[in-house]
file final01.txt (compact mmCIF, C-alpha atoms)
# COMPACT_ATOMS: atom_id res chain seq x y z
CA MET A 15 22.55 12.13 28.53
CA SER A 16 19.23 10.37 28.99
CA GLU A 17 17.09 7.96 27.06
CA ILE A 18 13.50 8.81 26.13
CA GLU A 19 11.08 6.04 25.22
CA VAL A 20 8.95 6.92 22.18
CA GLY A 21 7.47 3.82 20.56
CA MET A 22 5.67 5.71 17.80
CA SER A 23 5.15 4.86 14.17
CA PRO A 24 5.97 7.59 11.64
CA LEU A 25 3.02 6.26 9.64
CA GLU A 26 0.60 7.09 12.46
CA LYS A 27 -0.39 10.54 11.15
CA ASN A 28 -1.24 9.07 7.76
CA ARG A 29 -3.26 6.33 9.46
CA LEU A 30 -5.29 8.89 11.41
CA THR A 31 -6.12 10.81 8.22
CA ALA A 32 -6.98 7.51 6.52
CA ASP A 33 -9.27 6.60 9.43
CA GLN A 34 -11.03 9.96 8.99
CA ASN A 35 -11.49 9.21 5.29
CA LYS A 36 -12.85 5.80 6.19
CA SER A 37 -15.38 7.13 8.70
CA LEU A 38 -16.67 9.74 6.20
CA LEU A 39 -17.18 6.95 3.68
CA ASP A 40 -18.72 4.61 6.25
CA GLU A 41 -21.19 7.28 7.29
CA LYS A 42 -22.40 7.60 3.67
CA ARG A 43 -21.94 3.88 3.07
CA VAL A 44 -19.63 4.43 0.12
CA LEU A 45 -17.19 1.70 -0.91
CA MET A 46 -13.61 2.78 -1.72
CA ILE A 47 -11.10 0.63 -3.56
CA ASN A 48 -7.38 1.36 -3.66
CA ILE A 49 -5.95 -0.07 -6.87
CA MET A 50 -2.20 -0.49 -7.02
CA ALA A 51 -0.08 -1.85 -9.86
CA ALA A 52 3.05 -1.31 -11.90
CA PRO A 53 2.79 1.20 -14.76
CA GLY A 54 1.04 -0.40 -17.71
CA ALA A 55 -0.56 -3.31 -15.83
CA GLY A 56 -3.98 -2.09 -16.95
CA LYS A 57 -5.37 -0.21 -13.95
CA THR A 58 -7.45 2.23 -16.00
CA SER A 59 -8.63 -0.51 -18.39
CA VAL A 60 -9.73 -2.76 -15.52
CA ILE A 61 -11.62 0.14 -13.91
CA ALA A 62 -13.28 0.94 -17.24
CA GLY A 63 -13.96 -2.79 -17.76
CA VAL A 64 -15.73 -3.38 -14.44
CA ALA A 65 -17.49 -0.02 -14.79
CA ARG A 66 -19.39 -1.43 -17.79
CA TYR A 67 -21.09 -3.86 -15.40
CA LEU A 68 -21.37 -1.59 -12.37
CA LYS A 69 -22.42 1.67 -14.01
CA PRO A 70 -26.04 0.73 -14.77
CA LYS A 71 -26.66 0.14 -11.06
CA TYR A 72 -24.21 2.32 -9.17
CA LYS A 73 -22.75 5.82 -9.22
CA LEU A 74 -19.01 5.49 -9.77
CA PHE A 75 -16.20 7.93 -9.15
CA VAL A 76 -12.49 7.55 -9.90
CA ILE A 77 -9.58 9.35 -8.23
CA GLU A 78 -6.73 9.12 -10.71
CA ALA A 79 -3.09 9.60 -9.75
CA ASP A 80 -0.20 10.02 -12.13
CA LEU A 81 2.97 12.05 -12.03
CA ALA A 82 1.73 14.06 -15.01
CA THR A 83 -1.08 14.56 -17.54
CA SER A 84 -4.82 13.98 -17.44
CA ILE A 85 -4.70 11.13 -20.00
CA ASP A 86 -6.52 8.70 -17.71
CA THR A 87 -9.26 11.07 -16.56
CA ASP A 88 -9.82 12.13 -20.18
CA LYS A 89 -10.22 8.46 -21.08
CA LEU A 90 -12.66 7.80 -18.23
CA ASN A 91 -14.63 11.00 -18.78
CA ALA A 92 -15.05 10.03 -22.45
CA LEU A 93 -16.65 6.79 -21.21
CA GLY A 94 -19.00 8.78 -19.00
CA ILE A 95 -17.21 7.84 -15.77
CA GLU A 96 -16.78 10.81 -13.46
CA SER A 97 -13.21 11.25 -12.26
CA THR A 98 -10.68 13.64 -10.80
CA GLN A 99 -6.96 13.76 -11.57
CA ILE A 100 -4.16 14.13 -9.04
CA ASN A 101 -0.75 14.93 -10.50
CA THR A 102 1.83 14.02 -7.90
CA ILE A 103 4.65 15.53 -10.03
CA SER A 104 7.48 13.64 -8.35
CA MET A 105 5.80 11.61 -5.66
CA CYS A 106 5.72 7.86 -6.17
CA HIS A 107 2.61 7.08 -4.12
CA LEU A 108 -0.60 8.54 -2.73
CA GLU A 109 -1.03 9.39 0.94
CA ALA A 110 -4.28 9.66 2.90
CA ARG A 111 -4.18 13.48 2.76
CA HIS A 112 -4.35 13.39 -1.06
CA ILE A 113 -7.61 11.46 -0.80
CA SER A 114 -9.15 13.60 1.94
CA GLU A 115 -8.69 16.61 -0.36
CA ARG A 116 -10.73 14.86 -3.08
CA LEU A 117 -13.60 13.30 -1.14
CA GLU A 118 -15.92 16.29 -0.96
CA LEU A 119 -17.33 15.98 -4.49
CA PRO A 120 -18.02 12.22 -4.53
CA LEU A 121 -19.59 12.40 -1.07
CA LYS A 122 -21.76 15.39 -2.00
CA GLU A 123 -22.93 13.65 -5.16
CA SER A 124 -23.80 10.45 -3.25
CA MET A 125 -21.47 8.18 -5.18
CA ASP A 126 -21.66 4.46 -4.41
CA ILE A 127 -18.17 3.30 -5.31
CA ILE A 128 -14.90 5.26 -5.41
CA PHE A 129 -11.96 3.75 -7.25
CA ILE A 130 -8.51 5.12 -6.45
CA GLU A 131 -6.00 4.50 -9.19
CA ASN A 132 -2.73 4.82 -7.29
CA VAL A 133 0.53 5.93 -8.92
CA GLY A 134 1.97 3.13 -11.07
CA ASN A 135 4.48 1.52 -8.74
CA LEU A 136 4.82 -1.85 -6.98
CA VAL A 137 6.85 -0.55 -4.04
CA CYS A 138 5.86 2.75 -2.45
CA PRO A 139 2.03 2.72 -2.43
CA SER A 140 2.09 -0.37 -0.20
CA GLU A 141 3.09 1.62 2.89
CA TYR A 142 0.21 4.09 2.82
CA TYR A 143 -3.30 3.16 3.92
CA LEU A 144 -5.76 5.62 2.38
CA GLY A 145 -8.95 4.64 4.22
CA GLU A 146 -10.07 2.15 1.56
CA ASP A 147 -12.35 -0.85 2.07
CA ILE A 148 -10.59 -2.96 -0.55
CA ARG A 149 -6.87 -3.00 -1.28
CA MET A 150 -6.31 -4.44 -4.72
CA VAL A 151 -3.16 -5.16 -6.71
CA ILE A 152 -3.25 -5.78 -10.44
CA ILE A 153 -0.43 -7.67 -12.11
CA SER A 154 -0.37 -8.36 -15.82
CA ALA A 155 0.78 -11.49 -17.59
CA THR A 156 3.39 -9.54 -19.54
CA GLU A 157 5.17 -8.50 -16.33
CA GLY A 158 6.03 -12.14 -15.62
CA HIS A 159 4.89 -14.71 -13.04
CA ASP A 160 7.58 -13.78 -10.50
CA LYS A 161 6.18 -10.37 -9.54
CA VAL A 162 4.73 -11.55 -6.22
CA ALA A 163 8.01 -13.24 -5.31
CA LYS A 164 10.08 -10.19 -6.28
CA TYR A 165 7.81 -7.51 -4.76
CA PRO A 166 6.33 -9.29 -1.73
CA ASN A 167 5.66 -6.18 0.34
CA ILE A 168 2.72 -4.85 -1.66
CA PHE A 169 0.98 -8.25 -1.78
CA PHE A 170 1.26 -8.83 1.95
CA LYS A 171 -1.86 -6.94 3.04
CA VAL A 172 -4.13 -6.78 0.02
CA ASP A 173 -7.67 -8.09 -0.17
CA ALA A 174 -7.64 -8.91 -3.85
CA ILE A 175 -5.06 -9.76 -6.51
CA VAL A 176 -6.03 -9.45 -10.16
CA LEU A 177 -4.06 -11.17 -12.89
CA ASN A 178 -4.77 -9.07 -15.98
CA LYS A 179 -3.99 -9.61 -19.70
CA ILE A 180 -4.64 -13.35 -19.36
CA ASP A 181 -5.19 -13.48 -23.12
CA LEU A 182 -1.42 -12.88 -23.48
CA MET A 183 -0.30 -15.62 -21.06
CA LYS A 184 0.30 -18.16 -23.81
CA TYR A 185 2.55 -15.78 -25.73
CA VAL A 186 4.84 -14.86 -22.83
CA GLY A 187 5.31 -18.25 -21.13
CA PHE A 188 3.41 -17.20 -18.03
CA ASP A 189 3.60 -19.86 -15.27
CA GLU A 190 0.39 -19.40 -13.29
CA ASP A 191 1.28 -22.14 -10.75
CA TYR A 192 4.43 -20.24 -9.81
CA LEU A 193 2.33 -17.13 -9.21
CA LEU A 194 -0.27 -19.00 -7.14
CA THR A 195 2.41 -20.67 -4.99
CA SER A 196 3.94 -17.25 -4.20
CA ILE A 197 0.51 -15.87 -3.31
CA SER A 198 -0.19 -18.85 -1.01
CA LYS A 199 2.85 -17.87 1.07
CA ILE A 200 2.56 -14.11 1.25
CA ASN A 201 -1.22 -13.77 1.35
CA PRO A 202 -3.34 -16.90 1.04
CA LYS A 203 -6.47 -15.02 2.15
CA ALA A 204 -6.44 -12.66 -0.84
CA GLU A 205 -9.20 -13.10 -3.40
CA PHE A 206 -7.75 -13.97 -6.80
CA PHE A 207 -9.20 -12.85 -10.13
CA ARG A 208 -8.17 -13.37 -13.74
CA THR A 209 -9.12 -10.75 -16.31
CA SER A 210 -8.57 -9.69 -19.89
CA CYS A 211 -9.64 -6.22 -20.92
CA GLN A 212 -9.27 -7.25 -24.59
CA THR A 213 -11.64 -10.24 -24.52
CA GLY A 214 -13.61 -9.06 -21.48
CA GLU A 215 -13.02 -12.37 -19.69
CA GLY A 216 -13.32 -12.23 -15.91
CA LEU A 217 -14.48 -8.61 -15.70
CA SER A 218 -18.05 -9.44 -14.70
CA THR A 219 -16.77 -11.74 -11.92
CA LEU A 220 -14.59 -8.93 -10.59
CA ALA A 221 -17.52 -6.50 -10.86
CA ASP A 222 -19.68 -8.98 -8.91
CA TYR A 223 -17.08 -9.14 -6.13
CA ILE A 224 -17.08 -5.33 -5.87
CA ALA A 225 -20.91 -5.22 -5.85
CA GLU A 226 -20.97 -7.90 -3.13
CA ARG A 227 -18.51 -5.96 -0.99
CA LEU A 228 -20.69 -2.85 -1.38
CA ALA A 229 -23.81 -4.83 -0.46
CA ALA A 230 -22.01 -6.25 2.60
CA LYS A 231 -21.11 -2.71 3.66
CA ARG A 232 -24.74 -1.64 3.33
CA VAL A 233 -26.30 -4.48 5.32
CA MET B 3 10.83 10.61 -3.27
CA HIS B 4 9.54 7.63 -1.33
CA GLU B 5 11.28 8.38 1.98
CA LEU B 6 10.81 12.15 2.11
CA SER B 7 7.43 12.12 3.88
CA ILE B 8 8.33 9.32 6.28
CA THR B 9 11.53 11.17 7.23
CA ARG B 10 9.50 14.34 7.92
CA GLU B 11 7.27 12.29 10.24
CA ILE B 12 10.29 10.72 11.95
CA LEU B 13 11.78 14.18 12.53
CA ASP B 14 8.46 15.51 13.89
CA ILE B 15 8.28 12.61 16.37
CA ILE B 16 11.89 13.21 17.46
CA LEU B 17 11.49 16.99 17.85
CA ASP B 18 8.24 16.56 19.75
CA ALA B 19 9.75 14.07 22.21
CA ALA B 20 12.96 16.10 22.54
CA GLY B 21 11.00 19.33 23.10
CA ARG B 22 8.78 17.80 25.78
CA ASN B 23 11.87 16.57 27.62
CA ASN B 24 13.73 19.90 27.35
CA ALA B 25 16.57 18.34 25.39
CA LYS B 26 19.54 20.50 24.41
CA SER B 27 20.24 18.19 21.50
CA VAL B 28 19.48 14.72 20.21
CA GLU B 29 22.43 12.35 20.07
CA SER B 30 20.91 9.24 18.57
CA VAL B 31 17.59 7.68 17.62
CA ASN B 32 16.71 3.98 17.47
CA ILE B 33 14.37 3.07 14.65
CA GLU B 34 12.94 -0.34 13.83
CA LEU B 35 12.07 -1.25 10.25
CA GLY B 36 10.25 -4.47 9.47
CA GLN B 37 11.80 -6.76 6.91
CA LEU B 38 8.79 -6.18 4.69
CA SER B 39 8.91 -2.40 5.00
CA THR B 40 9.95 -0.78 1.74
CA PHE B 41 11.67 2.17 3.42
CA ASP B 42 15.39 2.41 2.85
CA GLU B 43 17.79 3.39 5.64
CA GLU B 44 20.21 5.26 3.40
CA SER B 45 17.46 7.39 1.86
CA ILE B 46 16.03 8.23 5.30
CA ASN B 47 19.53 9.29 6.41
CA PHE B 48 19.91 11.43 3.30
CA TYR B 49 16.65 13.30 3.87
CA PHE B 50 17.17 13.47 7.63
CA GLU B 51 20.46 15.29 7.26
CA ILE B 52 18.77 17.99 5.16
CA LEU B 53 15.51 18.26 7.13
CA SER B 54 17.13 18.29 10.59
CA ARG B 55 19.43 21.24 9.86
CA ASP B 56 19.06 24.02 12.47
CA THR B 57 16.89 21.86 14.70
CA LEU B 58 17.57 20.06 17.99
CA ALA B 59 18.06 16.89 16.00
CA GLU B 60 20.83 18.21 13.74
CA GLY B 61 23.71 15.74 13.76
CA ALA B 62 21.69 13.01 15.49
CA LYS B 63 22.66 9.49 14.49
CA LEU B 64 19.84 7.29 13.27
CA ILE B 65 20.37 3.69 14.30
CA PHE B 66 18.25 1.27 12.29
CA LYS B 67 17.34 -2.26 13.18
CA ARG B 68 15.66 -4.51 10.62
CA MET B 69 13.07 -6.65 12.35
CA PRO B 70 12.48 -10.07 10.81
CA ALA B 71 9.13 -10.96 9.32
CA ILE B 72 7.24 -13.66 11.19
CA ALA B 73 5.65 -16.63 9.48
CA LYS B 74 3.29 -19.31 10.73
CA CYS B 75 4.05 -22.86 9.68
CA LYS B 76 1.05 -24.54 8.09
CA LYS B 77 2.20 -28.00 9.18
CA CYS B 78 3.13 -27.55 12.85
CA ASP B 79 1.31 -24.25 13.38
CA ARG B 80 4.26 -22.58 15.11
CA ASP B 81 5.59 -19.08 14.42
CA PHE B 82 9.14 -18.58 13.21
CA GLU B 83 11.37 -15.75 11.98
CA LEU B 84 11.62 -15.66 8.22
CA GLY B 85 14.88 -15.37 6.39
CA ASP B 86 13.92 -15.18 2.76
CA VAL B 87 10.21 -14.46 2.35
CA PHE B 88 9.58 -17.20 -0.22
CA PHE B 89 12.39 -19.70 0.00
CA SER B 90 12.51 -20.45 3.73
CA SER B 91 11.45 -23.51 5.65
CA CYS B 92 10.13 -23.99 9.17
CA PRO B 93 13.13 -24.47 11.51
CA LEU B 94 11.06 -26.76 13.71
CA CYS B 95 9.55 -29.22 11.24
CA GLY B 96 11.23 -28.34 7.95
CA SER B 97 8.02 -27.61 6.07
CA THR B 98 8.12 -25.07 3.24
CA GLU B 99 4.38 -24.45 3.63
CA TYR B 100 3.95 -21.30 5.66
CA GLU B 101 2.15 -17.98 5.75
CA VAL B 102 3.73 -14.60 6.47
CA VAL B 103 1.90 -13.01 9.41
CA SER B 104 3.82 -9.82 10.19
CA GLY B 105 6.84 -7.80 9.19
CA ASP B 106 6.12 -4.35 7.81
CA ALA B 107 6.05 -2.22 10.98
CA VAL B 108 8.06 1.00 11.29
CA LYS B 109 8.74 2.45 14.74
CA VAL B 110 10.76 5.21 16.38
CA VAL B 111 11.71 3.24 19.50
CA ASN B 112 13.63 5.73 21.65
CA LEU B 113 16.11 8.59 21.59
CA ASN B 114 19.18 9.60 23.50
CA ILE B 115 19.24 13.29 24.34
CA GLU B 116 21.68 15.71 25.87
CA ASP B 117 19.78 17.47 28.66
call {"tool": "encode", "arguments": {"input": "final01.txt", "output": "structure tokens"}}
result
Amino acid sequence: MSEIEVGMSPLEKNRLTADQNKSLLDEKRVLMINIMAAPGAGKTSVIAGVARYLKPKYKLFVIEADLATSIDTDKLNALGIESTQINTISMCHLEARHISERLELPLKESMDIIFIENVGNLVCPSEYYLGEDIRMVIISATEGHDKVAKYPNIFFKVDAIVLNKIDLMKYVGFDEDYLLTSISKINPKAEFFRTSCQTGEGLSTLADYIAERLAAKRV
Amino acid sequence: MHELSITREILDIILDAAGRNNAKSVESVNIELGQLSTFDEESINFYFEILSRDTLAEGAKLIFKRMPAIAKCKKCDRDFELGDVFFSSCPLCGSTEYEVVSGDAVKVVNLNIED
């Protein structure tokens, strides 16, 4: 019997594919955003909301992931936002290979910003880097203020945290201080945004942040 | 199906290392999972048993070690191992103001083979 040293991460292959995605995007100076959230937090609505501000200036593309249906891409296409649908059937998260299969079209059409709407889930998507420039988590007021405390893993390495449905905070007893204290422990460097897709509050600020990140990439 | 793909990757790493070292079989594998990793040991074992059938790694025992997350104290600036992610305090100065700095790594450390 002998011992063999290995020291390898089983996530390495995914990381290599993600790095390839990233270098393709860097070459064309395209910004990619990986949006993660629980089902119903408002991922599609936030994308559609910021698209209102970004669309006049930039070419946008959305990679949608759900277990089933093309409900979200139908919604986005109706708004004139080009998108492609991935149906993962039973898979709870996207991996870098899913994205590499869908990059040809947006790169050929010289898109400026690619949004990835990950599968609705606060656990699994956190492990898989897709080659994105911005990792974003959306939580909604109706989910409760303890989501960061209860699901710390996904918040650990994100660039931006969006609190959505802020118009409903007063109806559900949402304690924003509790949320902010949790964020200060797990990821104090994350940018924090507050949005409502019903009133439109905060969407232009979030759109500005995305535009700034694109501009920074293109310097 | 969260652990299916990670288990495939773990098996590939094991079979590759075992093959390169002319192993007859793999007895055990040491795997480290960070405290903040969302992968579950039991699910990895479940998929591993199915995926490793008729390979060199069939019957291998996976030995998991959870590695603690590390936090940096904002008061005394020293690193410490976290117990609970949110409700810990610095063991050196007692402060509850800290920032998590690491803890989600996954690694196949080594394997014991029959050669």
call {"tool": "closest_residue", "arguments": {"input": "final01.txt", "among": "A:Thr87, A:Asn48, A:Ser140, A:Asn132", "to": "Asp106 of chain B", "atoms": "all atoms listed in the file"}}
result
A:Ser140
call {"tool": "interface_residues", "arguments": {"input": "final01.txt", "of": "chain B", "to": "chain A", "cutoff": "10 Å", "atoms": "all atoms listed in the file", "output": "PyMOL selection string"}}
result
chain B and resi 3-16+18-20+23+25-34+37-41+73-74+76+87-89+98-117
call {"tool": "atom_distance", "arguments": {"input": "final01.txt", "atom1": "atom CA of Tyr223 of chain A", "atom2": "atom CA of Cys211 of chain A"}}
result
16.8 Å
call {"tool": "atom_distance", "arguments": {"input": "final01.txt", "atom1": "atom CA of Ala71 of chain B", "atom2": "atom CA of Cys92 of chain B"}}
result
13.1 Å
call {"tool": "closest_residue", "arguments": {"input": "final01.txt", "among": "A:Ser84, A:Met50, A:Glu115, A:Lys71", "to": "Phe129 of chain A", "atoms": "only C-alpha atoms"}}
result
A:Met50
call {"tool": "atom_distance", "arguments": {"input": "final01.txt", "atom1": "atom CA of Ala155 of chain A", "atom2": "atom CA of Gly214 of chain A"}}
result
15.1 Å
call {"tool": "residues_near_point", "arguments": {"input": "final01.txt", "point": "(-13.8, 9.6, 4.0)", "cutoff": "12 Å", "atoms": "all atoms listed in the file", "output": "ChimeraX atom specification"}}
result
/A:30-46,110-122,128,144-147
call {"tool": "write_last_selection", "arguments": {"input": "final01.txt", "atoms": "C-alpha atoms", "output": "short mmCIF file (atom, residue, chain, number, x, y, z; two decimals), keeping the file's coordinate frame"}}
result
data_model
loop_
_atom_site.label_atom_id
_atom_site.label_comp_id
_atom_site.auth_asym_id
_atom_site.auth_seq_id
_atom_site.Cartn_x
_atom_site.Cartn_y
_atom_site.Cartn_z
CA LEU A 30 -5.29 8.89 11.41
CA THR A 31 -6.12 10.81 8.22
CA ALA A 32 -6.98 7.51 6.52
CA ASP A 33 -9.27 6.60 9.43
CA GLN A 34 -11.03 9.96 8.99
CA ASN A 35 -11.49 9.21 5.29
CA LYS A 36 -12.85 5.80 6.19
CA SER A 37 -15.38 7.13 8.70
CA LEU A 38 -16.67 9.74 6.20
CA LEU A 39 -17.18 6.95 3.68
CA ASP A 40 -18.72 4.61 6.25
CA GLU A 41 -21.19 7.28 7.29
CA LYS A 42 -22.40 7.60 3.67
CA ARG A 43 -21.94 3.88 3.07
CA VAL A 44 -19.63 4.43 0.12
CA LEU A 45 -17.19 1.70 -0.91
CA MET A 46 -13.61 2.78 -1.72
CA ALA A 110 -4.28 9.66 2.90
CA ARG A 111 -4.18 13.48 2.76
CA HIS A 112 -4.35 13.39 -1.06
CA ILE A 113 -7.61 11.46 -0.80
CA SER A 114 -9.15 13.60 1.94
CA GLU A 115 -8.69 16.61 -0.36
CA ARG A 116 -10.73 14.86 -3.08
CA LEU A 117 -13.60 13.30 -1.14
CA GLU A 118 -15.92 16.29 -0.96
CA LEU A 119 -17.33 15.98 -4.49
CA PRO A 120 -18.02 12.22 -4.53
CA LEU A 121 -19.59 12.40 -1.07
CA LYS A 122 -21.76 15.39 -2.00
CA ILE A 128 -14.90 5.26 -5.41
CA LEU A 144 -5.76 5.62 2.38
CA GLY A 145 -8.95 4.64 4.22
CA GLU A 146 -10.07 2.15 1.56
CA ASP A 147 -12.35 -0.85 2.07
#
call {"tool": "closest_residue", "arguments": {"input": "final01.txt", "among": "A:Tyr67, A:Ala51, A:Ile103, A:Ala62", "to": "Lys89 of chain A", "atoms": "all atoms listed in the file"}}
result
A:Ala62
call {"tool": "closest_residue", "arguments": {"input": "final01.txt", "among": "A:Leu182, A:Thr213, A:Lys161, A:Ser154", "to": "Ala55 of chain A", "atoms": "all atoms listed in the file"}}
result
A:Ser154
call {"tool": "residues_around", "arguments": {"input": "final01.txt", "residues": "Tyr72 of chain A", "least_positions_apart": "6", "cutoff": "9 Å", "atoms": "only C-alpha atoms", "output": "ChimeraX atom specification"}}
result
/A:125-127,225
call {"tool": "closest_residue", "arguments": {"input": "final01.txt", "among": "A:Leu194, A:Ile152, A:Leu217, A:Val186", "to": "Gly56 of chain A", "atoms": "only C-alpha atoms"}}
result
A:Ile152
call {"tool": "closest_residue", "arguments": {"input": "final01.txt", "among": "A:Val133, A:Ala82, A:Thr58, A:Ile224", "to": "Ser97 of chain A", "atoms": "only C-alpha atoms"}}
result
A:Thr58
